[in-house]
file start_7.cif (mmCIF, C-alpha atoms; chains and numbers go by the auth columns)
data_coords
#
loop_
_atom_site.group_PDB
_atom_site.id
_atom_site.type_symbol
_atom_site.label_atom_id
_atom_site.label_comp_id
_atom_site.label_asym_id
_atom_site.label_seq_id
_atom_site.Cartn_x
_atom_site.Cartn_y
_atom_site.Cartn_z
_atom_site.B_iso_or_equiv
_atom_site.auth_seq_id
_atom_site.auth_asym_id
ATOM 1 C CA MET A 1 12.584 0.529 -10.537 0.00 1 A
ATOM 2 C CA ALA A 2 10.209 -2.279 -11.455 0.00 2 A
ATOM 3 C CA GLN A 3 9.548 -2.857 -15.124 0.00 3 A
ATOM 4 C CA ARG A 4 6.437 -4.066 -16.919 0.00 4 A
ATOM 5 C CA LYS A 5 6.185 -5.009 -20.566 0.00 5 A
ATOM 6 C CA LYS A 6 3.384 -3.645 -22.695 0.00 6 A
ATOM 7 C CA SER A 7 1.036 -6.471 -23.463 0.00 7 A
ATOM 8 C CA GLY A 8 0.207 -7.251 -27.044 0.00 8 A
ATOM 9 C CA ARG A 9 3.113 -5.301 -28.526 0.00 9 A
ATOM 10 C CA PRO A 10 6.068 -7.599 -29.013 0.00 10 A
ATOM 11 C CA GLY A 11 9.392 -5.915 -29.591 0.00 11 A
ATOM 12 C CA LYS A 12 8.470 -2.722 -27.716 0.00 12 A
ATOM 13 C CA ALA A 13 10.599 -1.496 -24.813 0.00 13 A
ATOM 14 C CA ALA A 14 9.314 -2.090 -21.293 0.00 14 A
ATOM 15 C CA GLU A 15 7.567 0.831 -19.590 0.00 15 A
ATOM 16 C CA PRO A 16 8.673 1.687 -16.069 0.00 16 A
ATOM 17 C CA VAL A 17 6.011 1.140 -13.406 0.00 17 A
ATOM 18 C CA GLU A 18 6.131 3.795 -10.726 0.00 18 A
ATOM 19 C CA PHE A 19 5.513 2.383 -7.251 0.00 19 A
ATOM 20 C CA ARG A 20 4.735 5.795 -5.779 0.00 20 A
ATOM 21 C CA SER A 21 1.842 8.093 -4.886 0.00 21 A
ATOM 22 C CA GLU A 22 2.938 11.723 -5.019 0.00 22 A
ATOM 23 C CA ALA A 23 -0.385 12.884 -3.524 0.00 23 A
ATOM 24 C CA LEU A 24 0.015 10.567 -0.527 0.00 24 A
ATOM 25 C CA ALA A 25 3.652 11.605 -0.033 0.00 25 A
ATOM 26 C CA GLU A 26 2.664 15.287 0.008 0.00 26 A
ATOM 27 C CA ALA A 27 -0.262 14.669 2.383 0.00 27 A
ATOM 28 C CA LEU A 28 1.979 12.771 4.803 0.00 28 A
ATOM 29 C CA GLU A 29 4.579 15.533 4.639 0.00 29 A
ATOM 30 C CA LYS A 30 1.891 18.018 5.745 0.00 30 A
ATOM 31 C CA GLN A 31 0.495 15.509 8.306 0.00 31 A
ATOM 32 C CA ASP A 32 -2.936 16.437 6.911 0.00 32 A
ATOM 33 C CA MET A 33 -5.437 13.611 7.500 0.00 33 A
ATOM 34 C CA ALA A 34 -7.978 15.100 5.064 0.00 34 A
ATOM 35 C CA ALA A 35 -5.332 15.173 2.317 0.00 35 A
ATOM 36 C CA VAL A 36 -4.260 11.617 3.224 0.00 36 A
ATOM 37 C CA ALA A 37 -7.891 10.494 2.935 0.00 37 A
ATOM 38 C CA PHE A 38 -8.187 12.206 -0.468 0.00 38 A
ATOM 39 C CA ALA A 39 -4.945 10.585 -1.675 0.00 39 A
ATOM 40 C CA LEU A 40 -6.084 7.127 -0.530 0.00 40 A
ATOM 41 C CA ARG A 41 -9.494 7.602 -2.215 0.00 41 A
ATOM 42 C CA HIS A 42 -8.049 8.741 -5.531 0.00 42 A
ATOM 43 C CA GLY A 43 -4.669 7.065 -5.925 0.00 43 A
ATOM 44 C CA ASN A 44 -2.768 3.839 -5.572 0.00 44 A
ATOM 45 C CA THR A 45 -0.954 2.728 -2.436 0.00 45 A
ATOM 46 C CA VAL A 46 2.218 0.663 -2.098 0.00 46 A
ATOM 47 C CA VAL A 47 1.874 -2.447 0.107 0.00 47 A
ATOM 48 C CA PRO A 48 4.563 -4.957 1.130 0.00 48 A
ATOM 49 C CA LEU A 49 3.977 -8.489 -0.121 0.00 49 A
ATOM 50 C CA VAL A 50 5.000 -11.814 1.397 0.00 50 A
ATOM 51 C CA LYS A 51 4.760 -13.246 -2.085 0.00 51 A
ATOM 52 C CA PRO A 52 3.861 -11.452 -5.328 0.00 52 A
ATOM 53 C CA GLY A 53 1.091 -12.871 -7.483 0.00 53 A
ATOM 54 C CA PRO A 54 1.957 -14.981 -10.528 0.00 54 A
ATOM 55 C CA ARG A 55 2.774 -12.949 -13.646 0.00 55 A
ATOM 56 C CA ASP A 56 0.277 -14.955 -15.700 0.00 56 A
ATOM 57 C CA LYS A 57 -2.582 -14.037 -13.304 0.00 57 A
ATOM 58 C CA PRO A 58 -2.804 -10.232 -13.312 0.00 58 A
ATOM 59 C CA LEU A 59 -5.817 -10.206 -10.979 0.00 59 A
ATOM 60 C CA ASP A 60 -3.794 -11.965 -8.256 0.00 60 A
ATOM 61 C CA GLY A 61 -2.073 -9.120 -6.400 0.00 61 A
ATOM 62 C CA GLY A 62 -0.104 -11.437 -4.144 0.00 62 A
ATOM 63 C CA GLU A 63 -0.166 -12.045 -0.405 0.00 63 A
ATOM 64 C CA VAL A 64 -0.005 -8.863 1.689 0.00 64 A
ATOM 65 C CA TRP A 65 2.533 -8.781 4.512 0.00 65 A
ATOM 66 C CA THR A 66 1.280 -7.589 7.908 0.00 66 A
ATOM 67 C CA TYR A 67 3.119 -7.189 11.202 0.00 67 A
ATOM 68 C CA ARG A 68 1.968 -9.131 14.269 0.00 68 A
ATOM 69 C CA ASP A 69 3.327 -7.905 17.611 0.00 69 A
ATOM 70 C CA PRO A 70 4.770 -10.993 19.338 0.00 70 A
ATOM 71 C CA ASN A 71 3.821 -9.676 22.798 0.00 71 A
ATOM 72 C CA THR A 72 0.256 -8.491 22.212 0.00 72 A
ATOM 73 C CA GLY A 73 -0.784 -10.261 19.019 0.00 73 A
ATOM 74 C CA ASP A 74 -1.891 -6.919 17.545 0.00 74 A
ATOM 75 C CA VAL A 75 -1.754 -6.817 13.742 0.00 75 A
ATOM 76 C CA ALA A 76 -0.615 -3.754 11.796 0.00 76 A
ATOM 77 C CA LEU A 77 -1.017 -3.078 8.092 0.00 77 A
ATOM 78 C CA LEU A 78 1.819 -1.068 6.579 0.00 78 A
ATOM 79 C CA LEU A 79 1.154 1.229 3.626 0.00 79 A
ATOM 80 C CA PHE A 80 3.696 3.335 1.769 0.00 80 A
ATOM 81 C CA SER A 81 3.597 6.414 -0.429 0.00 81 A
ATOM 82 C CA ASP A 82 6.705 5.149 -2.235 0.00 82 A
ATOM 83 C CA ALA A 83 8.369 1.741 -2.478 0.00 83 A
ATOM 84 C CA ALA A 84 11.635 3.521 -1.613 0.00 84 A
ATOM 85 C CA ASN A 85 10.204 4.245 1.885 0.00 85 A
ATOM 86 C CA LYS A 86 9.736 0.549 2.688 0.00 86 A
ATOM 87 C CA PRO A 87 12.326 -0.568 5.272 0.00 87 A
ATOM 88 C CA ASP A 88 14.861 -3.101 4.010 0.00 88 A
ATOM 89 C CA ASN A 89 13.979 -5.571 6.783 0.00 89 A
ATOM 90 C CA LEU A 90 10.514 -6.153 5.242 0.00 90 A
ATOM 91 C CA PRO A 91 9.976 -8.664 2.439 0.00 91 A
ATOM 92 C CA PRO A 92 11.398 -7.262 -0.817 0.00 92 A
ATOM 93 C CA ALA A 93 8.237 -7.540 -2.939 0.00 93 A
ATOM 94 C CA VAL A 94 5.682 -4.727 -3.126 0.00 94 A
ATOM 95 C CA GLY A 95 2.322 -4.302 -4.780 0.00 95 A
ATOM 96 C CA LEU A 96 0.597 -1.202 -6.072 0.00 96 A
ATOM 97 C CA GLN A 97 -3.014 -1.372 -4.937 0.00 97 A
ATOM 98 C CA SER A 98 -6.082 0.665 -5.860 0.00 98 A
ATOM 99 C CA PRO A 99 -8.469 2.505 -3.520 0.00 99 A
ATOM 100 C CA ALA A 100 -11.100 -0.207 -4.162 0.00 100 A
ATOM 101 C CA TRP A 101 -8.605 -2.910 -3.167 0.00 101 A
ATOM 102 C CA LEU A 102 -7.671 -1.032 0.030 0.00 102 A
ATOM 103 C CA ARG A 103 -11.341 -0.558 0.973 0.00 103 A
ATOM 104 C CA THR A 104 -12.068 -4.267 0.411 0.00 104 A
ATOM 105 C CA PHE A 105 -8.955 -5.391 2.303 0.00 105 A
ATOM 106 C CA LEU A 106 -9.687 -3.150 5.304 0.00 106 A
ATOM 107 C CA LYS A 107 -13.334 -4.276 5.418 0.00 107 A
ATOM 108 C CA ARG A 108 -12.350 -7.935 5.231 0.00 108 A
ATOM 109 C CA TYR A 109 -9.728 -7.674 7.988 0.00 109 A
ATOM 110 C CA GLU A 110 -11.172 -4.825 10.068 0.00 110 A
ATOM 111 C CA SER A 111 -11.605 -7.068 13.113 0.00 111 A
ATOM 112 C CA THR A 112 -8.013 -8.379 12.795 0.00 112 A
ATOM 113 C CA ILE A 113 -6.009 -5.264 11.926 0.00 113 A
ATOM 114 C CA THR A 114 -5.592 -3.029 14.960 0.00 114 A
ATOM 115 C CA THR A 115 -3.708 -0.172 13.294 0.00 115 A
ATOM 116 C CA VAL A 116 -2.444 1.064 9.944 0.00 116 A
ATOM 117 C CA PHE A 117 0.956 2.700 9.595 0.00 117 A
ATOM 118 C CA LEU A 118 1.652 4.954 6.632 0.00 118 A
ATOM 119 C CA ASP A 119 5.363 5.324 5.754 0.00 119 A
ATOM 120 C CA ILE A 120 6.284 3.817 9.138 0.00 120 A
ATOM 121 C CA ALA A 121 10.018 4.454 8.659 0.00 121 A
ATOM 122 C CA GLY A 122 9.522 7.981 7.390 0.00 122 A
ATOM 123 C CA PRO A 123 10.156 10.450 6.118 0.00 123 A
ATOM 124 C CA HIS A 124 6.711 11.530 7.442 0.00 124 A
ATOM 125 C CA PRO A 125 5.006 8.617 9.246 0.00 125 A
ATOM 126 C CA MET A 126 1.379 8.592 10.274 0.00 126 A
ATOM 127 C CA GLN A 127 -0.814 6.067 12.078 0.00 127 A
ATOM 128 C CA ALA A 128 -4.574 5.558 11.935 0.00 128 A
ATOM 129 C CA PRO A 129 -7.106 2.945 13.027 0.00 129 A
ATOM 130 C CA PRO A 130 -8.594 0.893 10.169 0.00 130 A
ATOM 131 C CA ALA A 131 -12.097 2.236 10.894 0.00 131 A
ATOM 132 C CA GLU A 132 -10.904 5.810 10.343 0.00 132 A
ATOM 133 C CA LEU A 133 -9.364 4.904 6.984 0.00 133 A
ATOM 134 C CA LEU A 134 -12.517 3.033 5.980 0.00 134 A
ATOM 135 C CA ARG A 135 -14.611 6.129 6.751 0.00 135 A
ATOM 136 C CA ALA A 136 -12.200 8.198 4.646 0.00 136 A
ATOM 137 C CA LEU A 137 -12.450 5.736 1.747 0.00 137 A
ATOM 138 C CA GLU A 138 -16.268 5.703 1.853 0.00 138 A
ATOM 139 C CA VAL A 139 -16.742 9.453 1.348 0.00 139 A
#
call {"tool": "encode", "arguments": {"input": "start_7.cif", "output": "structure tokens"}}
result
Amino acid sequence: MAQRKKSGRPGKAAEPVEFRSEALAEALEKQDMAAVAFALRHGNTVVPLVKPGPRDKPLDGGEVWTYRDPNTGDVALLLFSDAANKPDNLPPAVGLQSPAWLRTFLKRYESTITTVFLDIAGPHPMQAPPAELLRALEV
């Protein structure tokens, strides 16, 4: 599990950072789009990173990894309910992103991203177009 030190308290033990959204995991298990929308609106989401942001710049979340189909050029964003669900063949780094970040990212790349996969390798995958997720995040 990733570790983060408490800032401003030298000598204290590091607190574990949980790269998981229990609400999203449960919603995906039920395959309930309304519950998925609620989880995305109210909780963090795990995203794969090409390169994490520098430790001394906490506002830099790193560069998000997306999949481009070599045959069609279609771009997919992969989101995970738990870092443990990320396939090993993806870059090893992950970020924990807020609902506001996800909304901004989807708006910025809405014309580029053709689909969003949630927990693509399971245990309960789901797929949605970016516009549908944006509508869910706006409610």
call {"tool": "closest_residue", "arguments": {"input": "start_7.cif", "among": "A:Leu102, A:Ala35, A:Ile113, A:Leu78", "to": "Leu90 in chain A", "atoms": "all atoms listed in the file"}}
result
A:Leu78
call {"tool": "closest_residue", "arguments": {"input": "start_7.cif", "among": "A:Asp74, A:Asp88, A:Glu138, A:Glu29", "to": "Pro123 in chain A", "atoms": "all atoms listed in the file"}}
result
A:Glu29
call {"tool": "resolve_selection", "arguments": {"input": "start_7.cif", "expression": "the PyMOL selection byres ((chain A and resi 41-48) around 7)", "output": "count of residues only"}}
result
26
call {"tool": "atom_distance", "arguments": {"input": "start_7.cif", "atom1": "CA of Leu134 in chain A", "atom2": "CA of Arg103 in chain A"}}
result
6.3 Å
call {"tool": "atom_distance", "arguments": {"input": "start_7.cif", "atom1": "CA of Pro52 in chain A", "atom2": "CA of Ala27 in chain A"}}
result
27.5 Å
call {"tool": "atom_distance", "arguments": {"input": "start_7.cif", "atom1": "CA of Pro70 in chain A", "atom2": "CA of His124 in chain A"}}
result
25.5 Å
call {"tool": "residues_around", "arguments": {"input": "start_7.cif", "residues": "range 127-132 of chain A", "least_positions_apart": "3", "cutoff": "6 Å", "atoms": "all atoms listed in the file", "output": "number ranges by chain"}}
result
A: 115-117, 135
call {"tool": "resolve_selection", "arguments": {"input": "start_7.cif", "expression": "the PyMOL selection byres ((chain A and resi 112) around 10)", "output": "list in words"}}
result
Gly73, Asp74, Val75, Ala76, Leu77, Leu106, Lys107, Arg108, Tyr109, Glu110, Ser111, Ile113, Thr114, Thr115 and Pro130 of chain A
call {"tool": "axis_aligned_box", "arguments": {"input": "start_7.cif", "around": "range 66-72 of chain A", "padding_each_side": "4 Å", "output": "lines of an AutoDock Vina configuration file"}}
result
center_x = 2.5
center_y = -9.1
center_z = 15.4
size_x = 12.5
size_y = 11.8
size_z = 22.9
call {"tool": "closest_residue", "arguments": {"input": "start_7.cif", "among": "A:Leu133, A:Ala84, A:Leu118, A:Met126", "to": "Thr104 in chain A", "atoms": "all atoms listed in the file"}}
result
A:Leu133
call {"tool": "decode", "arguments": {"input": "start_7.cif", "residues": "chain A", "atoms": "C-alpha atoms", "output": "PDB file, in the first residue's frame"}}
result
ATOM      1  CA  MET A   1       0.000   0.000   0.000  1.00  0.00           C
ATOM      2  CA  ALA A   2       1.223   3.511  -0.738  1.00  0.00           C
ATOM      3  CA  GLN A   3       2.408   5.581   2.184  1.00  0.00           C
ATOM      4  CA  ARG A   4       2.231   9.315   2.807  1.00  0.00           C
ATOM      5  CA  LYS A   5       3.918  11.195   5.613  1.00  0.00           C
ATOM      6  CA  LYS A   6       1.967  13.672   7.686  1.00  0.00           C
ATOM      7  CA  SER A   7       3.175  17.116   6.811  1.00  0.00           C
ATOM      8  CA  GLY A   8       4.405  19.383   9.544  1.00  0.00           C
ATOM      9  CA  ARG A   9       4.853  16.633  12.128  1.00  0.00           C
ATOM     10  CA  PRO A  10       8.397  15.338  12.004  1.00  0.00           C
ATOM     11  CA  GLY A  11       9.013  12.043  13.731  1.00  0.00           C
ATOM     12  CA  LYS A  12       5.438  10.777  13.300  1.00  0.00           C
ATOM     13  CA  ALA A  13       4.751   7.470  11.553  1.00  0.00           C
ATOM     14  CA  ALA A  14       3.495   7.578   7.974  1.00  0.00           C
ATOM     15  CA  GLU A  15      -0.254   7.176   7.460  1.00  0.00           C
ATOM     16  CA  PRO A  16      -1.378   4.667   4.854  1.00  0.00           C
ATOM     17  CA  VAL A  17      -3.154   6.198   1.857  1.00  0.00           C
ATOM     18  CA  GLU A  18      -5.983   4.020   0.630  1.00  0.00           C
ATOM     19  CA  PHE A  19      -6.220   3.944  -3.163  1.00  0.00           C
ATOM     20  CA  ARG A  20      -9.772   2.603  -3.118  1.00  0.00           C
ATOM     21  CA  SER A  21     -13.403   3.706  -3.348  1.00  0.00           C
ATOM     22  CA  GLU A  22     -15.651   1.267  -1.507  1.00  0.00           C
ATOM     23  CA  ALA A  23     -18.788   3.011  -2.824  1.00  0.00           C
ATOM     24  CA  LEU A  24     -17.624   2.645  -6.432  1.00  0.00           C
ATOM     25  CA  ALA A  25     -16.646  -1.002  -5.894  1.00  0.00           C
ATOM     26  CA  GLU A  26     -20.102  -1.789  -4.489  1.00  0.00           C
ATOM     27  CA  ALA A  27     -21.877   0.091  -7.299  1.00  0.00           C
ATOM     28  CA  LEU A  28     -19.889  -1.789  -9.943  1.00  0.00           C
ATOM     29  CA  GLU A  29     -20.637  -5.092  -8.228  1.00  0.00           C
ATOM     30  CA  LYS A  30     -24.369  -4.316  -8.537  1.00  0.00           C
ATOM     31  CA  GLN A  31     -23.884  -2.953 -12.102  1.00  0.00           C
ATOM     32  CA  ASP A  32     -26.043  -0.017 -10.962  1.00  0.00           C
ATOM     33  CA  MET A  33     -25.317   3.085 -13.069  1.00  0.00           C
ATOM     34  CA  ALA A  34     -27.137   5.397 -10.629  1.00  0.00           C
ATOM     35  CA  ALA A  35     -24.969   4.114  -7.764  1.00  0.00           C
ATOM     36  CA  VAL A  36     -21.848   4.450  -9.947  1.00  0.00           C
ATOM     37  CA  ALA A  37     -22.816   8.057 -10.703  1.00  0.00           C
ATOM     38  CA  PHE A  38     -23.327   8.740  -6.979  1.00  0.00           C
ATOM     39  CA  ALA A  39     -19.952   7.162  -6.128  1.00  0.00           C
ATOM     40  CA  LEU A  40     -18.162   9.212  -8.802  1.00  0.00           C
ATOM     41  CA  ARG A  41     -19.865  12.427  -7.595  1.00  0.00           C
ATOM     42  CA  HIS A  42     -19.017  11.879  -3.940  1.00  0.00           C
ATOM     43  CA  GLY A  43     -15.765   9.928  -3.817  1.00  0.00           C
ATOM     44  CA  ASN A  44     -12.297   9.623  -5.242  1.00  0.00           C
ATOM     45  CA  THR A  45     -11.372   7.510  -8.248  1.00  0.00           C
ATOM     46  CA  VAL A  46      -8.141   5.647  -8.975  1.00  0.00           C
ATOM     47  CA  VAL A  47      -6.512   6.519 -12.328  1.00  0.00           C
ATOM     48  CA  PRO A  48      -3.388   5.015 -13.926  1.00  0.00           C
ATOM     49  CA  LEU A  49      -0.536   7.466 -14.418  1.00  0.00           C
ATOM     50  CA  VAL A  50       2.197   7.530 -17.052  1.00  0.00           C
ATOM     51  CA  LYS A  51       4.229   9.555 -14.601  1.00  0.00           C
ATOM     52  CA  PRO A  52       3.284  10.648 -11.073  1.00  0.00           C
ATOM     53  CA  GLY A  53       3.560  14.314 -10.169  1.00  0.00           C
ATOM     54  CA  PRO A  54       6.593  15.561  -8.239  1.00  0.00           C
ATOM     55  CA  ARG A  55       6.340  15.080  -4.467  1.00  0.00           C
ATOM     56  CA  ASP A  56       7.197  18.738  -3.867  1.00  0.00           C
ATOM     57  CA  LYS A  57       4.235  19.890  -6.023  1.00  0.00           C
ATOM     58  CA  PRO A  58       1.106  18.428  -4.411  1.00  0.00           C
ATOM     59  CA  LEU A  59      -1.214  20.117  -6.918  1.00  0.00           C
ATOM     60  CA  ASP A  60       0.458  18.254  -9.805  1.00  0.00           C
ATOM     61  CA  GLY A  61      -1.421  14.947  -9.982  1.00  0.00           C
ATOM     62  CA  GLY A  62       0.801  13.531 -12.700  1.00  0.00           C
ATOM     63  CA  GLU A  63       0.148  12.553 -16.301  1.00  0.00           C
ATOM     64  CA  VAL A  64      -2.904  10.315 -16.773  1.00  0.00           C
ATOM     65  CA  TRP A  65      -2.443   7.190 -18.881  1.00  0.00           C
ATOM     66  CA  THR A  66      -5.058   6.541 -21.576  1.00  0.00           C
ATOM     67  CA  TYR A  67      -5.363   3.698 -24.069  1.00  0.00           C
ATOM     68  CA  ARG A  68      -5.345   4.436 -27.805  1.00  0.00           C
ATOM     69  CA  ASP A  69      -6.574   1.617 -30.055  1.00  0.00           C
ATOM     70  CA  PRO A  70      -3.867   1.158 -32.711  1.00  0.00           C
ATOM     71  CA  ASN A  71      -6.437   0.179 -35.365  1.00  0.00           C
ATOM     72  CA  THR A  72      -9.110   2.835 -34.854  1.00  0.00           C
ATOM     73  CA  GLY A  73      -7.323   5.572 -32.924  1.00  0.00           C
ATOM     74  CA  ASP A  74     -10.127   5.555 -30.335  1.00  0.00           C
ATOM     75  CA  VAL A  75      -9.013   6.713 -26.883  1.00  0.00           C
ATOM     76  CA  ALA A  76     -10.255   5.111 -23.665  1.00  0.00           C
ATOM     77  CA  LEU A  77      -9.914   6.434 -20.134  1.00  0.00           C
ATOM     78  CA  LEU A  78      -9.541   3.727 -17.506  1.00  0.00           C
ATOM     79  CA  LEU A  79     -10.846   4.307 -13.985  1.00  0.00           C
ATOM     80  CA  PHE A  80     -10.605   1.921 -11.053  1.00  0.00           C
ATOM     81  CA  SER A  81     -12.448   1.430  -7.783  1.00  0.00           C
ATOM     82  CA  ASP A  82      -9.251   0.018  -6.265  1.00  0.00           C
ATOM     83  CA  ALA A  83      -5.591   0.194  -7.273  1.00  0.00           C
ATOM     84  CA  ALA A  84      -5.508  -3.595  -6.799  1.00  0.00           C
ATOM     85  CA  ASN A  85      -7.879  -3.928  -9.812  1.00  0.00           C
ATOM     86  CA  LYS A  86      -5.439  -2.216 -12.187  1.00  0.00           C
ATOM     87  CA  PRO A  87      -3.932  -4.780 -14.590  1.00  0.00           C
ATOM     88  CA  ASP A  88      -0.198  -5.356 -14.187  1.00  0.00           C
ATOM     89  CA  ASN A  89       0.469  -4.511 -17.848  1.00  0.00           C
ATOM     90  CA  LEU A  90      -0.470  -0.842 -17.233  1.00  0.00           C
ATOM     91  CA  PRO A  91       2.057   1.664 -15.896  1.00  0.00           C
ATOM     92  CA  PRO A  92       2.667   1.000 -12.185  1.00  0.00           C
ATOM     93  CA  ALA A  93       1.823   4.484 -10.876  1.00  0.00           C
ATOM     94  CA  VAL A  94      -1.717   5.457  -9.872  1.00  0.00           C
ATOM     95  CA  GLY A  95      -3.363   8.641  -8.708  1.00  0.00           C
ATOM     96  CA  LEU A  96      -6.359   9.179  -6.475  1.00  0.00           C
ATOM     97  CA  GLN A  97      -8.491  11.866  -8.086  1.00  0.00           C
ATOM     98  CA  SER A  98     -11.472  13.856  -6.836  1.00  0.00           C
ATOM     99  CA  PRO A  99     -14.896  14.234  -8.478  1.00  0.00           C
ATOM    100  CA  ALA A 100     -13.967  17.821  -9.458  1.00  0.00           C
ATOM    101  CA  TRP A 101     -10.786  16.571 -11.143  1.00  0.00           C
ATOM    102  CA  LEU A 102     -12.716  13.874 -13.045  1.00  0.00           C
ATOM    103  CA  ARG A 103     -15.333  16.397 -14.218  1.00  0.00           C
ATOM    104  CA  THR A 104     -12.619  18.803 -15.420  1.00  0.00           C
ATOM    105  CA  PHE A 105     -10.622  16.046 -17.134  1.00  0.00           C
ATOM    106  CA  LEU A 106     -13.672  14.645 -18.949  1.00  0.00           C
ATOM    107  CA  LYS A 107     -14.765  18.128 -20.069  1.00  0.00           C
ATOM    108  CA  ARG A 108     -11.287  18.960 -21.333  1.00  0.00           C
ATOM    109  CA  TYR A 109     -10.904  15.711 -23.294  1.00  0.00           C
ATOM    110  CA  GLU A 110     -14.545  14.958 -24.131  1.00  0.00           C
ATOM    111  CA  SER A 111     -13.899  15.237 -27.872  1.00  0.00           C
ATOM    112  CA  THR A 112     -10.845  12.926 -27.628  1.00  0.00           C
ATOM    113  CA  ILE A 113     -11.983  10.209 -25.220  1.00  0.00           C
ATOM    114  CA  THR A 114     -14.424   7.843 -26.899  1.00  0.00           C
ATOM    115  CA  THR A 115     -15.188   5.614 -23.909  1.00  0.00           C
ATOM    116  CA  VAL A 116     -14.502   5.186 -20.209  1.00  0.00           C
ATOM    117  CA  PHE A 117     -13.876   1.769 -18.697  1.00  0.00           C
ATOM    118  CA  LEU A 118     -14.414   1.238 -14.985  1.00  0.00           C
ATOM    119  CA  ASP A 119     -12.463  -1.707 -13.501  1.00  0.00           C
ATOM    120  CA  ILE A 120     -11.775  -2.991 -17.030  1.00  0.00           C
ATOM    121  CA  ALA A 121     -10.141  -6.208 -15.783  1.00  0.00           C
ATOM    122  CA  GLY A 122     -12.824  -6.885 -13.207  1.00  0.00           C
ATOM    123  CA  PRO A 123     -14.065  -8.042 -10.919  1.00  0.00           C
ATOM    124  CA  HIS A 124     -17.153  -6.102 -12.137  1.00  0.00           C
ATOM    125  CA  PRO A 125     -16.291  -4.045 -15.247  1.00  0.00           C
ATOM    126  CA  MET A 126     -18.515  -1.372 -16.703  1.00  0.00           C
ATOM    127  CA  GLN A 127     -18.220   0.923 -19.717  1.00  0.00           C
ATOM    128  CA  ALA A 128     -19.787   4.322 -20.360  1.00  0.00           C
ATOM    129  CA  PRO A 129     -19.394   7.184 -22.827  1.00  0.00           C
ATOM    130  CA  PRO A 130     -17.723  10.300 -21.382  1.00  0.00           C
ATOM    131  CA  ALA A 131     -20.874  12.382 -21.962  1.00  0.00           C
ATOM    132  CA  GLU A 132     -22.903  10.031 -19.758  1.00  0.00           C
ATOM    133  CA  LEU A 133     -20.372  10.305 -16.932  1.00  0.00           C
ATOM    134  CA  LEU A 134     -20.281  14.087 -17.304  1.00  0.00           C
ATOM    135  CA  ARG A 135     -24.079  14.220 -16.963  1.00  0.00           C
ATOM    136  CA  ALA A 136     -23.807  12.047 -13.846  1.00  0.00           C
ATOM    137  CA  LEU A 137     -21.137  14.325 -12.360  1.00  0.00           C
ATOM    138  CA  GLU A 138     -23.185  17.480 -13.027  1.00  0.00           C
ATOM    139  CA  VAL A 139     -26.258  16.424 -11.032  1.00  0.00           C
TER     140      VAL A 139
END
